[in-house]
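Heads up: the structure comes next, in structure tokens.
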Amino acid sequence: MQWGKAIAEGEYAEVFRGALWGKKVAIKRLKHREGSGIDEILRELRHEVSLMSGLRHPNVLTLIGSLEDSTQPSIVLEVMQGTLYELALAIYNDGGAAATAALLAALSDIVSGCAYLHGRSPSVLHRDLKPPNILYDDNRSCKLW
């Protein structure tokens with residue numbers, strides 16, 4: 001696996017562009033936190049991987065794999081173009097009726113992803129649904145992360 005530049009950072013993880021077997025990917029590296037040992041971080045990684053490995057929907061980010069490394073515990077995901085913030089700005093700059101249609105399409109994708117998660121048994125609740133956790137691809141299709 002090849003690591004590229006950092007593209008996002010949160011309280012618990014940092015996301016990098018990367019490559020795996022020649023394919024572009026996103027790599028979410030879990031951060032070591034004060035008061036949390038590596039066992040707890042690896043438990044969190046396994047929980048997220050376990051949950052994501054059973055999800056298959058066009059509006060939910062796809063898990064590719066994980067790395068249970070004590071120095072760089074990571075989750076490998078499909079790479080996307082950007083966040084909902086960036087998409088909304090691009091749509092706004094497009095203007096006109098096309099912008100309205102594009103916003104409705106993005107909203108439809110988000111609702112479809114949520115309906116899929118909530119319709120599972122047991123239901124999956126996202127619990128952190130916000131623009132930075134909604135990503136879009138080359139076709140401006142939105143996916144929940």
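Ordering of the structure tokens sets the chain letters (A, B, ...); residue numbers start at 1 within each chain; ligands are numbered from 1 in the order shown.
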Review point. Leaving out segment 103-115 of chain A and any residue of its chain fewer than 6 positions from it, which residues lie within 7 Å of it when counting only C-alpha atoms, given as a list in words?
Key: Asn59, Val60, Ser141, Cys142, Lys143 and Leu144 of chain A
Any chance you can output those residues with N, CA and C atoms as an mmCIF file, in the first residue's frame?
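Result written to part.cif:
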data_model
loop_
_atom_site.group_PDB
_atom_site.id
_atom_site.type_symbol
_atom_site.label_atom_id
_atom_site.label_comp_id
_atom_site.auth_asym_id
_atom_site.auth_seq_id
_atom_site.Cartn_x
_atom_site.Cartn_y
_atom_site.Cartn_z
ATOM 1 N N ASN A 59 -25.014 4.378 -2.316
ATOM 2 C CA ASN A 59 -24.901 5.645 -1.602
ATOM 3 C C ASN A 59 -24.263 5.504 -0.226
ATOM 4 N N VAL A 60 -23.495 4.425 -0.058
ATOM 5 C CA VAL A 60 -22.718 4.203 1.157
ATOM 6 C C VAL A 60 -21.294 3.877 0.726
ATOM 7 N N SER A 141 -22.384 11.752 -7.578
ATOM 8 C CA SER A 141 -23.239 10.909 -6.735
ATOM 9 C C SER A 141 -22.707 10.988 -5.310
ATOM 10 N N CYS A 142 -23.610 11.112 -4.361
ATOM 11 C CA CYS A 142 -23.223 11.241 -2.956
ATOM 12 C C CYS A 142 -23.251 9.893 -2.254
ATOM 13 N N LYS A 143 -22.313 9.758 -1.299
ATOM 14 C CA LYS A 143 -22.221 8.545 -0.495
ATOM 15 C C LYS A 143 -21.996 8.940 0.960
ATOM 16 N N LEU A 144 -22.626 8.188 1.843
ATOM 17 C CA LEU A 144 -22.458 8.389 3.282
ATOM 18 C C LEU A 144 -21.184 7.723 3.732
#
Exercise for review: Give me the residues within 10 Å of Asp39 of chain A as a ChimeraX atom specification, counting only C-alpha atoms and dropping any in the same chain fewer than 5 places off.
Suggested key: /A:44-45,70
Please produce an output containing N, CA and C atoms for each residue in the selection, written as a PDB file, in the first residue's frame.
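So out-v1.pdb came out as:
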ATOM      1  N   GLU A  44     -11.780  -0.543  18.149  1.00  0.00           N
ATOM      2  CA  GLU A  44     -12.597   0.405  17.386  1.00  0.00           C
ATOM      3  C   GLU A  44     -12.490   0.121  15.890  1.00  0.00           C
ATOM      4  N   LEU A  45     -11.266  -0.157  15.421  1.00  0.00           N
ATOM      5  CA  LEU A  45     -11.049  -0.455  14.012  1.00  0.00           C
ATOM      6  C   LEU A  45     -11.832  -1.710  13.621  1.00  0.00           C
ATOM      7  N   SER A  70      -0.064  -1.842  14.720  1.00  0.00           N
ATOM      8  CA  SER A  70      -0.054  -1.097  15.978  1.00  0.00           C
ATOM      9  C   SER A  70       0.455   0.333  15.813  1.00  0.00           C
TER      10      SER A  70
END
Practice item. Please provide as JSON, numbers by chain all residues within 12 Å of Ala99 of chain A, with the sequence filter that same-chain residues fewer than 4 positions apart are discarded (counting only C-alpha atoms). Key: {"A": [87, 88, 89, 90, 91, 92, 93, 94, 95, 103, 104, 105, 106, 140]}
For the residues in that selection, give me N, CA and C atoms as a JSON list (two decimals), in the first residue's frame.
[["chain", "number", "residue", "atom", "x", "y", "z"],
["A", 87, "LEU", "N", -19.19, 20.01, -3.12],
["A", 87, "LEU", "CA", -20.19, 19.75, -4.15],
["A", 87, "LEU", "C", -21.22, 20.86, -4.18],
["A", 88, "ALA", "N", -21.70, 21.28, -3.02],
["A", 88, "ALA", "CA", -22.70, 22.34, -2.96],
["A", 88, "ALA", "C", -22.17, 23.64, -3.56],
["A", 89, "LEU", "N", -20.90, 23.95, -3.30],
["A", 89, "LEU", "CA", -20.29, 25.15, -3.88],
["A", 89, "LEU", "C", -20.22, 25.03, -5.40],
["A", 90, "ALA", "N", -19.82, 23.87, -5.90],
["A", 90, "ALA", "CA", -19.75, 23.67, -7.35],
["A", 90, "ALA", "C", -21.13, 23.78, -7.98],
["A", 91, "ILE", "N", -22.14, 23.20, -7.32],
["A", 91, "ILE", "CA", -23.51, 23.27, -7.84],
["A", 91, "ILE", "C", -24.00, 24.72, -7.82],
["A", 92, "TYR", "N", -23.73, 25.43, -6.75],
["A", 92, "TYR", "CA", -24.12, 26.84, -6.66],
["A", 92, "TYR", "C", -23.50, 27.65, -7.79],
["A", 93, "ASN", "N", -22.23, 27.40, -8.07],
["A", 93, "ASN", "CA", -21.54, 28.12, -9.14],
["A", 93, "ASN", "C", -22.09, 27.77, -10.52],
["A", 94, "ASP", "N", -22.66, 26.56, -10.67],
["A", 94, "ASP", "CA", -23.29, 26.18, -11.94],
["A", 94, "ASP", "C", -24.52, 27.05, -12.21],
["A", 95, "GLY", "N", -25.29, 27.30, -11.16],
["A", 95, "GLY", "CA", -26.47, 28.16, -11.24],
["A", 95, "GLY", "C", -27.61, 27.57, -12.06],
["A", 103, "LEU", "N", -28.91, 19.64, -6.84],
["A", 103, "LEU", "CA", -29.13, 19.62, -5.40],
["A", 103, "LEU", "C", -30.15, 18.56, -5.01],
["A", 104, "LEU", "N", -31.22, 18.44, -5.80],
["A", 104, "LEU", "CA", -32.23, 17.41, -5.53],
["A", 104, "LEU", "C", -31.65, 16.01, -5.70],
["A", 105, "ALA", "N", -30.78, 15.83, -6.68],
["A", 105, "ALA", "CA", -30.14, 14.53, -6.89],
["A", 105, "ALA", "C", -29.24, 14.18, -5.70],
["A", 106, "ALA", "N", -28.49, 15.16, -5.21],
["A", 106, "ALA", "CA", -27.63, 14.92, -4.04],
["A", 106, "ALA", "C", -28.48, 14.57, -2.83],
["A", 140, "ARG", "N", -20.81, 13.06, -9.40],
["A", 140, "ARG", "CA", -21.55, 13.86, -8.42],
["A", 140, "ARG", "C", -22.59, 13.06, -7.65]]
I want to know what sits within 9 Å of Ile41 of chain A, based on only C-alpha atoms, with residues of the same chain fewer than 3 positions away left out; could you give that as a PDB file with N, CA and C atoms, in the first residue's frame?
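Generated output (out05.pdb):
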ATOM      1  N   LEU A  30      -6.434   5.653  12.064  1.00  0.00           N
ATOM      2  CA  LEU A  30      -6.920   6.005  13.395  1.00  0.00           C
ATOM      3  C   LEU A  30      -5.786   6.599  14.207  1.00  0.00           C
ATOM      4  N   LYS A  31      -6.102   7.634  14.957  1.00  0.00           N
ATOM      5  CA  LYS A  31      -5.092   8.326  15.755  1.00  0.00           C
ATOM      6  C   LYS A  31      -4.900   7.660  17.106  1.00  0.00           C
ATOM      7  N   HIS A  32      -3.671   7.687  17.577  1.00  0.00           N
ATOM      8  CA  HIS A  32      -3.392   7.288  18.954  1.00  0.00           C
ATOM      9  C   HIS A  32      -3.806   8.463  19.832  1.00  0.00           C
ATOM     10  N   ARG A  33      -4.600   8.171  20.863  1.00  0.00           N
ATOM     11  CA  ARG A  33      -5.123   9.232  21.721  1.00  0.00           C
ATOM     12  C   ARG A  33      -4.655   9.012  23.147  1.00  0.00           C
ATOM     13  N   SER A  36      -5.983   6.208  25.599  1.00  0.00           N
ATOM     14  CA  SER A  36      -6.439   5.040  24.843  1.00  0.00           C
ATOM     15  C   SER A  36      -5.231   4.240  24.403  1.00  0.00           C
ATOM     16  N   GLY A  37      -5.220   2.985  24.781  1.00  0.00           N
ATOM     17  CA  GLY A  37      -4.141   2.104  24.365  1.00  0.00           C
ATOM     18  C   GLY A  37      -4.399   1.555  22.975  1.00  0.00           C
ATOM     19  N   ILE A  38      -3.405   0.905  22.416  1.00  0.00           N
ATOM     20  CA  ILE A  38      -3.538   0.347  21.075  1.00  0.00           C
ATOM     21  C   ILE A  38      -4.627  -0.714  21.020  1.00  0.00           C
ATOM     22  N   GLU A  44     -11.780  -0.543  18.149  1.00  0.00           N
ATOM     23  CA  GLU A  44     -12.597   0.405  17.386  1.00  0.00           C
ATOM     24  C   GLU A  44     -12.490   0.121  15.890  1.00  0.00           C
ATOM     25  N   LEU A  45     -11.266  -0.157  15.421  1.00  0.00           N
ATOM     26  CA  LEU A  45     -11.049  -0.455  14.012  1.00  0.00           C
ATOM     27  C   LEU A  45     -11.832  -1.710  13.621  1.00  0.00           C
ATOM     28  N   ARG A  46     -11.733  -2.762  14.418  1.00  0.00           N
ATOM     29  CA  ARG A  46     -12.443  -4.010  14.115  1.00  0.00           C
ATOM     30  C   ARG A  46     -13.952  -3.804  14.095  1.00  0.00           C
ATOM     31  N   SER A  70      -0.064  -1.842  14.720  1.00  0.00           N
ATOM     32  CA  SER A  70      -0.054  -1.097  15.978  1.00  0.00           C
ATOM     33  C   SER A  70       0.455   0.333  15.813  1.00  0.00           C
ATOM     34  N   PRO A  73      -2.913   1.838  12.551  1.00  0.00           N
ATOM     35  CA  PRO A  73      -4.167   1.114  12.331  1.00  0.00           C
ATOM     36  C   PRO A  73      -5.028   1.896  11.341  1.00  0.00           C
TER      37      PRO A  73
END
Exercise for review: Please report, as a ChimeraX atom specification, each residue of chain A to which DSSP assigns strand (DSSP E or B) when run on this structure's backbone.
Suggested key: /A:2-9,13-20,23-30,60,63-67,74-78,82-83,134-136,142-144
Review point. Given the choices A:Tyr116, A:Phe16, A:Trp21, A:Tyr136, which gets closest to Arg56 of chain A if the distance is worked out from only C-alpha atoms?
Key: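 Checking each of A:Tyr116, A:Phe16, A:Trp21, A:Tyr136 against Arg56 of chain A, counting only C-alpha atoms, the winner is A:Tyr116.
Separating atom CA of Leu20 of chain A from atom CA of Ile7 of chain A is a distance of 16.9 Å.
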Exercise for review: Quick one: everything within 12 Å of Met52 of chain A, counting only C-alpha atoms, minus sequence neighbours fewer than 6 positions away in the same chain. Send it as a PyMOL selection string.
Suggested key: chain A and resi 45-46+60-66+75-77+117+124+126+144-145
Exercise for review: Report the distance between atom CA of Pro131 of chain A and atom CA of Pro58 of chain A in Å, rounded to one decimal place.
Suggested key: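 Value for the atom CA of Pro131 of chain A-atom CA of Pro58 of chain A distance: 17.7 Å.
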Could you please write out, as an mmCIF file with N, CA and C atoms, in the first residue's frame, every residue of segment 12-70 of chain A that DSSP assigns to alpha helix (DSSP H)?
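What landed in states28.cif:
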data_model
loop_
_atom_site.group_PDB
_atom_site.id
_atom_site.type_symbol
_atom_site.label_atom_id
_atom_site.label_comp_id
_atom_site.auth_asym_id
_atom_site.auth_seq_id
_atom_site.Cartn_x
_atom_site.Cartn_y
_atom_site.Cartn_z
ATOM 1 N N ILE A 38 -3.405 0.905 22.416
ATOM 2 C CA ILE A 38 -3.538 0.347 21.075
ATOM 3 C C ILE A 38 -4.627 -0.714 21.020
ATOM 4 N N ASP A 39 -4.837 -1.454 22.109
ATOM 5 C CA ASP A 39 -5.890 -2.474 22.120
ATOM 6 C C ASP A 39 -7.266 -1.848 21.907
ATOM 7 N N GLU A 40 -7.508 -0.706 22.550
ATOM 8 C CA GLU A 40 -8.791 -0.018 22.382
ATOM 9 C C GLU A 40 -8.943 0.511 20.964
ATOM 10 N N ILE A 41 -7.891 1.063 20.404
ATOM 11 C CA ILE A 41 -7.938 1.589 19.035
ATOM 12 C C ILE A 41 -8.188 0.452 18.041
ATOM 13 N N LEU A 42 -7.515 -0.671 18.220
ATOM 14 C CA LEU A 42 -7.724 -1.818 17.333
ATOM 15 C C LEU A 42 -9.130 -2.382 17.488
ATOM 16 N N ARG A 43 -9.696 -2.334 18.688
ATOM 17 C CA ARG A 43 -11.075 -2.763 18.903
ATOM 18 C C ARG A 43 -12.031 -1.855 18.129
ATOM 19 N N GLU A 44 -11.780 -0.543 18.149
ATOM 20 C CA GLU A 44 -12.597 0.405 17.386
ATOM 21 C C GLU A 44 -12.490 0.121 15.890
ATOM 22 N N LEU A 45 -11.266 -0.157 15.421
ATOM 23 C CA LEU A 45 -11.049 -0.455 14.012
ATOM 24 C C LEU A 45 -11.832 -1.710 13.621
ATOM 25 N N ARG A 46 -11.733 -2.762 14.418
ATOM 26 C CA ARG A 46 -12.443 -4.010 14.115
ATOM 27 C C ARG A 46 -13.952 -3.804 14.095
ATOM 28 N N HIS A 47 -14.454 -2.979 15.020
ATOM 29 C CA HIS A 47 -15.893 -2.702 15.056
ATOM 30 C C HIS A 47 -16.335 -1.995 13.769
ATOM 31 N N GLU A 48 -15.599 -0.962 13.371
ATOM 32 C CA GLU A 48 -15.960 -0.226 12.151
ATOM 33 C C GLU A 48 -15.867 -1.118 10.924
ATOM 34 N N VAL A 49 -14.820 -1.923 10.837
ATOM 35 C CA VAL A 49 -14.655 -2.833 9.700
ATOM 36 C C VAL A 49 -15.780 -3.866 9.682
ATOM 37 N N SER A 50 -16.117 -4.399 10.841
ATOM 38 C CA SER A 50 -17.197 -5.380 10.930
ATOM 39 C C SER A 50 -18.513 -4.794 10.434
ATOM 40 N N LEU A 51 -18.805 -3.578 10.845
ATOM 41 C CA LEU A 51 -20.038 -2.914 10.418
ATOM 42 C C LEU A 51 -20.017 -2.626 8.922
ATOM 43 N N MET A 52 -18.936 -2.014 8.450
ATOM 44 C CA MET A 52 -18.871 -1.596 7.042
ATOM 45 C C MET A 52 -18.787 -2.772 6.070
ATOM 46 N N SER A 53 -18.221 -3.883 6.509
ATOM 47 C CA SER A 53 -18.041 -5.018 5.599
ATOM 48 C C SER A 53 -19.367 -5.617 5.147
#
Practice item. State, in Å with one decimal place, the distance from atom CA of Gly35 of chain A to atom CA of Ala13 of chain A. Key: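 Rounded to one decimal, the two atoms are 15.6 Å apart.
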